[in-house]
>>> print(open('query.txt').read())   # compact mmCIF, C-alpha atoms and all ligand atoms
# COMPACT_ATOMS: atom_id res chain seq x y z
CA MET A 1 -255.44 49.94 -10.80
CA LYS A 2 -252.22 50.40 -12.73
CA ASN A 3 -250.07 47.56 -13.98
CA ILE A 4 -246.50 48.22 -12.93
CA ALA A 5 -243.04 46.69 -13.21
CA ILE A 6 -240.40 47.26 -10.56
CA PHE A 7 -236.77 47.48 -11.68
CA ALA A 8 -234.34 46.70 -8.84
CA SER A 9 -230.89 45.27 -8.38
CA GLY A 10 -230.23 45.60 -4.65
CA THR A 11 -231.58 44.27 -1.38
CA GLY A 12 -235.10 45.33 -2.26
CA SER A 13 -236.25 47.12 0.87
CA ASN A 14 -238.22 49.54 -1.33
CA PHE A 15 -239.58 46.57 -3.26
CA ASP A 16 -240.85 45.18 0.07
CA ALA A 17 -242.44 48.51 0.95
CA LEU A 18 -244.22 48.65 -2.43
CA ILE A 19 -245.45 45.05 -2.16
CA ASN A 20 -246.76 45.76 1.36
CA ALA A 21 -248.54 48.89 0.19
CA VAL A 22 -250.21 46.94 -2.63
CA GLU A 23 -251.22 44.15 -0.24
CA ASN A 24 -252.63 46.65 2.28
CA GLY A 25 -254.63 48.41 -0.41
CA ASP A 26 -252.64 51.65 -0.04
CA LEU A 27 -251.18 51.49 -3.54
CA PRO A 28 -253.67 50.87 -6.37
CA ALA A 29 -251.35 48.75 -8.50
CA ASN A 30 -250.74 45.26 -9.78
CA ILE A 31 -247.05 44.41 -9.69
CA LYS A 32 -246.68 42.40 -12.88
CA LEU A 33 -242.92 41.92 -13.12
CA LEU A 34 -239.61 42.45 -11.36
CA VAL A 35 -236.77 43.37 -13.73
CA SER A 36 -233.19 43.02 -12.51
CA ASP A 37 -229.81 43.25 -14.17
CA LYS A 38 -228.02 41.51 -11.33
CA LYS A 39 -228.37 37.75 -11.00
CA SER A 40 -227.23 37.75 -7.35
CA ALA A 41 -229.58 40.53 -6.19
CA LYS A 42 -231.49 39.72 -3.00
CA VAL A 43 -234.61 41.34 -4.41
CA ILE A 44 -234.98 38.47 -6.91
CA GLU A 45 -235.47 35.90 -4.13
CA LYS A 46 -238.01 38.21 -2.54
CA ALA A 47 -240.02 38.40 -5.78
CA GLU A 48 -239.83 34.65 -6.28
CA LYS A 49 -241.13 34.06 -2.75
CA LYS A 50 -244.10 36.24 -3.61
CA GLY A 51 -244.66 34.22 -6.80
CA LEU A 52 -244.00 37.29 -8.92
CA PRO A 53 -242.60 36.87 -12.46
CA THR A 54 -238.98 38.02 -12.77
CA LEU A 55 -236.93 39.10 -15.75
CA VAL A 56 -233.24 38.80 -14.93
CA PHE A 57 -230.71 39.72 -17.59
CA SER A 58 -227.06 40.51 -17.97
CA ALA A 59 -226.28 43.61 -20.02
CA LYS A 60 -223.04 42.06 -21.25
CA ASP A 61 -225.01 39.35 -23.08
CA TYR A 62 -226.35 42.04 -25.44
CA ALA A 63 -224.57 44.01 -28.13
CA SER A 64 -226.05 47.32 -26.98
CA LYS A 65 -228.35 49.09 -24.52
CA ALA A 66 -230.92 49.37 -27.33
CA ASP A 67 -230.85 45.58 -27.71
CA TYR A 68 -231.47 44.69 -24.07
CA GLU A 69 -233.99 47.48 -23.64
CA ALA A 70 -235.93 46.17 -26.67
CA MET A 71 -236.04 42.77 -24.95
CA ILE A 72 -237.25 44.45 -21.72
CA VAL A 73 -239.93 46.48 -23.52
CA GLU A 74 -241.19 43.34 -25.23
CA ASN A 75 -241.57 41.67 -21.82
CA LEU A 76 -243.21 44.73 -20.26
CA GLN A 77 -245.74 44.83 -23.07
CA LYS A 78 -246.38 41.09 -22.76
CA HIS A 79 -247.30 41.67 -19.10
CA GLY A 80 -249.43 44.71 -19.88
CA VAL A 81 -247.17 47.03 -17.86
CA GLU A 82 -248.28 50.69 -17.86
CA TRP A 83 -245.79 52.25 -15.40
CA VAL A 84 -242.17 51.48 -14.61
CA VAL A 85 -240.96 52.00 -11.04
CA LEU A 86 -237.21 52.06 -10.46
CA ALA A 87 -236.09 51.06 -6.96
CA GLY A 88 -232.35 50.58 -6.96
CA TYR A 89 -231.83 49.89 -10.68
CA MET A 90 -228.36 51.24 -11.29
CA ARG A 91 -228.36 51.78 -15.07
CA LEU A 92 -229.14 54.85 -17.12
CA LEU A 93 -232.17 54.34 -19.32
CA GLY A 94 -231.88 54.70 -23.07
CA GLU A 95 -234.22 55.93 -25.78
CA THR A 96 -235.80 52.52 -26.27
CA LEU A 97 -237.29 52.31 -22.78
CA LEU A 98 -237.88 56.04 -22.39
CA GLY A 99 -239.63 56.17 -25.76
CA ALA A 100 -241.87 53.20 -24.94
CA TYR A 101 -242.98 54.70 -21.58
CA PRO A 102 -242.93 58.52 -21.89
CA ASN A 103 -243.59 60.15 -18.48
CA LYS A 104 -244.39 56.76 -17.02
CA ILE A 105 -241.01 55.90 -15.49
CA ILE A 106 -240.34 56.96 -11.90
CA ASN A 107 -237.22 56.74 -9.72
CA ILE A 108 -236.39 57.25 -6.05
CA HIS A 109 -233.05 58.71 -5.06
CA PRO A 110 -231.55 59.15 -1.59
CA SER A 111 -230.70 62.86 -1.73
CA LEU A 112 -232.40 66.20 -2.06
CA LEU A 113 -231.92 66.50 -5.81
CA PRO A 114 -230.41 68.28 -7.67
CA ALA A 115 -227.75 67.80 -4.99
CA TYR A 116 -225.73 64.58 -4.84
CA LYS A 117 -226.73 62.67 -7.95
CA GLY A 118 -225.44 59.19 -8.71
CA LYS A 119 -223.93 56.56 -6.46
CA ASP A 120 -223.43 56.80 -2.68
CA ALA A 121 -225.54 59.92 -2.42
CA VAL A 122 -225.87 59.76 1.37
CA LYS A 123 -222.13 59.38 1.77
CA GLN A 124 -221.54 62.29 -0.61
CA ALA A 125 -223.88 64.50 1.43
CA LEU A 126 -222.31 63.55 4.76
CA GLU A 127 -218.80 64.06 3.44
CA ALA A 128 -219.85 67.52 2.32
CA GLY A 129 -220.97 68.23 5.92
CA GLU A 130 -224.70 68.49 5.14
CA LYS A 131 -227.00 68.73 8.16
CA THR A 132 -230.09 68.27 6.02
CA VAL A 133 -230.36 65.21 3.80
CA GLY A 134 -233.40 63.59 2.23
CA VAL A 135 -235.17 61.63 -0.44
CA SER A 136 -236.39 62.60 -3.92
CA ILE A 137 -238.86 60.99 -6.28
CA HIS A 138 -238.68 62.04 -9.91
CA TYR A 139 -239.60 61.22 -13.49
CA VAL A 140 -236.77 59.50 -15.30
CA ASP A 141 -235.06 61.02 -18.31
CA ALA A 142 -231.83 60.12 -20.10
CA GLY A 143 -229.63 61.85 -17.50
CA MET A 144 -228.46 60.57 -14.14
CA ASP A 145 -231.08 61.60 -11.54
CA THR A 146 -231.98 64.67 -13.61
CA GLY A 147 -235.69 64.19 -14.39
CA GLN A 148 -238.52 66.40 -13.17
CA LEU A 149 -239.10 66.23 -9.42
CA ILE A 150 -242.37 64.85 -8.07
CA ALA A 151 -241.79 64.76 -4.30
CA GLN A 152 -239.09 65.36 -1.72
CA GLU A 153 -238.76 64.90 2.00
CA SER A 154 -235.98 66.29 4.18
CA ILE A 155 -234.30 64.79 7.22
CA HIS A 156 -232.60 67.12 9.71
CA LEU A 157 -229.48 65.74 11.37
CA THR A 158 -227.69 66.64 14.57
CA GLY A 159 -224.38 65.86 12.89
CA ARG A 160 -223.64 63.10 15.41
CA GLU A 161 -225.33 60.27 13.47
CA THR A 162 -223.22 57.59 11.83
CA GLU A 163 -223.57 57.00 8.09
CA PHE A 164 -225.38 53.75 8.91
CA GLU A 165 -227.90 55.59 11.08
CA VAL A 166 -228.52 58.16 8.39
CA MET A 167 -229.02 55.39 5.82
CA GLU A 168 -231.63 53.84 8.12
CA MET A 169 -233.41 57.18 8.44
CA VAL A 170 -233.34 57.62 4.65
CA HIS A 171 -234.74 54.15 4.06
CA HIS A 172 -237.47 54.75 6.59
CA ILE A 173 -238.57 57.86 4.70
CA GLU A 174 -238.25 56.11 1.32
CA HIS A 175 -240.53 53.28 2.41
CA GLN A 176 -243.31 55.74 3.29
CA LEU A 177 -242.80 58.33 0.58
CA TYR A 178 -242.54 56.02 -2.45
CA PRO A 179 -245.87 54.17 -2.05
CA ARG A 180 -247.63 57.41 -1.04
CA THR A 181 -246.32 59.35 -4.03
CA LEU A 182 -247.04 56.56 -6.51
CA ALA A 183 -250.55 56.17 -5.11
CA LYS A 184 -251.20 59.87 -5.85
CA LEU A 185 -249.78 59.57 -9.37
CA PHE A 186 -251.80 56.46 -10.18
CA LYS A 187 -255.05 58.01 -8.98
CA ASN A 188 -254.71 60.92 -11.42
C1 LIG A 201 -232.54 53.21 -2.37
O1 LIG A 201 -231.83 53.96 -1.43
C2 LIG A 201 -232.98 54.08 -3.51
O2 LIG A 201 -233.17 55.40 -3.15
C3 LIG A 201 -231.84 53.98 -4.49
O3 LIG A 201 -231.40 52.66 -4.37
C4 LIG A 201 -231.64 52.18 -3.06
C5 LIG A 201 -232.30 50.83 -3.15
O4 LIG A 201 -232.40 50.23 -1.89
N1 LIG A 201 -232.24 54.34 -5.82
P1 LIG A 201 -233.28 48.95 -1.68
O5 LIG A 201 -232.69 47.84 -2.56
O6 LIG A 201 -234.68 49.26 -2.03
O7 LIG A 201 -233.13 48.60 -0.22
>>> encode(input="query.txt", output="C-alpha cells")
Amino acid sequence: MKNIAIFASGTGSNFDALINAVENGDLPANIKLLVSDKKSAKVIEKAEKKGLPTLVFSAKDYASKADYEAMIVENLQKHGVEWVVLAGYMRLLGETLLGAYPNKIINIHPSLLPAYKGKDAVKQALEAGEKTVGVSIHYVDAGMDTGQLIAQESIHLTGRETEFEVMEMVHHIEHQLYPRTLAKLFKN
C-alpha cells in the first residue's frame, strides 16, 4: 500500500476513477490528501463527501512558488504521503516539490506526448487534423508535460467526431489507464 496525495483543480473525473479503483481493491493505495489551488474546483466537494482531508490554497497568497510548495511539502509529510498523483493540477512544479519527491510525482495528459503539450491538448490535436489522439502518463519534471513517459494509449478517430465526443473518449481511456498504470508502479 502506498500513501498518495492527489493534486487536482478541475471537475475531478480522474479523481473519481482513482477513488473507485482504491475502493474496489484495484489500486493498492491510501489516498491521504487532495491538494487544490482552486477554491471553486468541483473536485474539492467530491473529496469532502468522501471525508478525505483537503489542502486548498491560493498561489497569490504566497510570495513565491517555493513558499507555497514548502507549505504543501510540509502537509504531504504530515500525512505520510509517498507518491504525488497529478490529475488536472494546472501549475508547473518547482524545485521544492520535485526535490522532496524525486521520481514519485506522476501526471496524466490528454495527448500522445511529446505532441500537444499544455492546455487544451485535445483541441490542439483536432485543429491540427489528427486522426489519432490519446492519453499519456509520465513522470513530472520542471517542464510542461516533458517528463519521462510511463504509458500511452491511442484512440483512432473517423474524423467525424465532435470535440465533445473526443473528450469523452479521452476521459474514458484516462479513467482506465491511470489506475492501471499507478497500480503497476506501486507494486514495484
Ligand atoms: C484530464 O483530462 C487530465 O488528462 C488533465 O486534466 C484533466 C482533468 O480532468 N491533466 P478531470 O478533472 O479529472 O475530469
>>> atom_distance(input="query.txt", atom1="atom CA of Leu97 of chain A", atom2="atom C5 of ligand LIG 201 (chain A)")
20.3 Å
>>> closest_residue(input="query.txt", among="A:Leu33, A:Leu76, A:Leu112, A:Ile4", to="ligand LIG 201 (chain A)", atoms="only C-alpha atoms and all ligand atoms")
A:Leu112
>>> residues_around(input="query.txt", residues="segment 170-181 of chain A", least_positions_apart="5", cutoff="7 Å", atoms="only C-alpha atoms", output="list of chain:residue names")
A:Asn14, A:Ala17, A:Leu18, A:Ala21, A:Leu27, A:Pro110, A:Gly134, A:Val135
>>> atom_distance(input="query.txt", atom1="atom CA of Val140 of chain A", atom2="atom CA of Leu98 of chain A")
8.0 Å
>>> residues_near_ligand(input="query.txt", ligand="ligand LIG 201 (chain A)", cutoff="9 Å", atoms="all atoms listed in the file", output="PyMOL selection string")
chain A and resi 8-17+41-43+86-90+107-111+118-122+135-137+167+170-171+174-175
>>> write_last_selection(input="query.txt", atoms="C-alpha atoms", output="mmCIF file, keeping the file's coordinate frame")
data_model
loop_
_atom_site.group_PDB
_atom_site.id
_atom_site.type_symbol
_atom_site.label_atom_id
_atom_site.label_comp_id
_atom_site.auth_asym_id
_atom_site.auth_seq_id
_atom_site.Cartn_x
_atom_site.Cartn_y
_atom_site.Cartn_z
ATOM 1 C CA ALA A 8 -234.340 46.700 -8.840
ATOM 2 C CA SER A 9 -230.890 45.270 -8.380
ATOM 3 C CA GLY A 10 -230.230 45.600 -4.650
ATOM 4 C CA THR A 11 -231.580 44.270 -1.380
ATOM 5 C CA GLY A 12 -235.100 45.330 -2.260
ATOM 6 C CA SER A 13 -236.250 47.120 0.870
ATOM 7 C CA ASN A 14 -238.220 49.540 -1.330
ATOM 8 C CA PHE A 15 -239.580 46.570 -3.260
ATOM 9 C CA ASP A 16 -240.850 45.180 0.070
ATOM 10 C CA ALA A 17 -242.440 48.510 0.950
ATOM 11 C CA ALA A 41 -229.580 40.530 -6.190
ATOM 12 C CA LYS A 42 -231.490 39.720 -3.000
ATOM 13 C CA VAL A 43 -234.610 41.340 -4.410
ATOM 14 C CA LEU A 86 -237.210 52.060 -10.460
ATOM 15 C CA ALA A 87 -236.090 51.060 -6.960
ATOM 16 C CA GLY A 88 -232.350 50.580 -6.960
ATOM 17 C CA TYR A 89 -231.830 49.890 -10.680
ATOM 18 C CA MET A 90 -228.360 51.240 -11.290
ATOM 19 C CA ASN A 107 -237.220 56.740 -9.720
ATOM 20 C CA ILE A 108 -236.390 57.250 -6.050
ATOM 21 C CA HIS A 109 -233.050 58.710 -5.060
ATOM 22 C CA PRO A 110 -231.550 59.150 -1.590
ATOM 23 C CA SER A 111 -230.700 62.860 -1.730
ATOM 24 C CA GLY A 118 -225.440 59.190 -8.710
ATOM 25 C CA LYS A 119 -223.930 56.560 -6.460
ATOM 26 C CA ASP A 120 -223.430 56.800 -2.680
ATOM 27 C CA ALA A 121 -225.540 59.920 -2.420
ATOM 28 C CA VAL A 122 -225.870 59.760 1.370
ATOM 29 C CA VAL A 135 -235.170 61.630 -0.440
ATOM 30 C CA SER A 136 -236.390 62.600 -3.920
ATOM 31 C CA ILE A 137 -238.860 60.990 -6.280
ATOM 32 C CA MET A 167 -229.020 55.390 5.820
ATOM 33 C CA VAL A 170 -233.340 57.620 4.650
ATOM 34 C CA HIS A 171 -234.740 54.150 4.060
ATOM 35 C CA GLU A 174 -238.250 56.110 1.320
ATOM 36 C CA HIS A 175 -240.530 53.280 2.410
#
>>> atom_distance(input="query.txt", atom1="atom CA of Ala70 of chain A", atom2="atom CA of Glu48 of chain A")
23.7 Å
>>> residues_around(input="query.txt", residues="Glu95 of chain A", least_positions_apart="2", cutoff="12 Å", atoms="only C-alpha atoms", output="PyMOL selection string")
chain A and resi 64-70+73+92-93+97-102+140-143
>>> axis_aligned_box(input="query.txt", around="segment 113-124 of chain A", padding_each_side="4 Å", output="AutoDock Vina command-line options")
--center_x -226.7 --center_y 62.4 --center_z -3.5 --size_x 18.4 --size_y 19.7 --size_z 18.5
>>> residues_near_point(input="query.txt", point="(-251.0, 43.1, -7.3)", cutoff="12 Å", atoms="only C-alpha atoms", output="tab-separated table (two decimals) with C-alpha atoms, keeping the file's coordinate frame")
chain	number	residue	atom	x	y	z
A	1	MET	CA	-255.44	49.94	-10.80
A	2	LYS	CA	-252.22	50.40	-12.73
A	3	ASN	CA	-250.07	47.56	-13.98
A	4	ILE	CA	-246.50	48.22	-12.93
A	5	ALA	CA	-243.04	46.69	-13.21
A	6	ILE	CA	-240.40	47.26	-10.56
A	18	LEU	CA	-244.22	48.65	-2.43
A	19	ILE	CA	-245.45	45.05	-2.16
A	20	ASN	CA	-246.76	45.76	1.36
A	21	ALA	CA	-248.54	48.89	0.19
A	22	VAL	CA	-250.21	46.94	-2.63
A	23	GLU	CA	-251.22	44.15	-0.24
A	24	ASN	CA	-252.63	46.65	2.28
A	25	GLY	CA	-254.63	48.41	-0.41
A	26	ASP	CA	-252.64	51.65	-0.04
A	27	LEU	CA	-251.18	51.49	-3.54
A	28	PRO	CA	-253.67	50.87	-6.37
A	29	ALA	CA	-251.35	48.75	-8.50
A	30	ASN	CA	-250.74	45.26	-9.78
A	31	ILE	CA	-247.05	44.41	-9.69
A	32	LYS	CA	-246.68	42.40	-12.88
A	33	LEU	CA	-242.92	41.92	-13.12
A	50	LYS	CA	-244.10	36.24	-3.61
A	51	GLY	CA	-244.66	34.22	-6.80
A	52	LEU	CA	-244.00	37.29	-8.92
A	53	PRO	CA	-242.60	36.87	-12.46
A	81	VAL	CA	-247.17	47.03	-17.86
>>> closest_residue(input="query.txt", among="A:Ile105, A:Asp37, A:Leu157, A:Glu74", to="Val56 of chain A", atoms="all atoms listed in the file")
A:Asp37
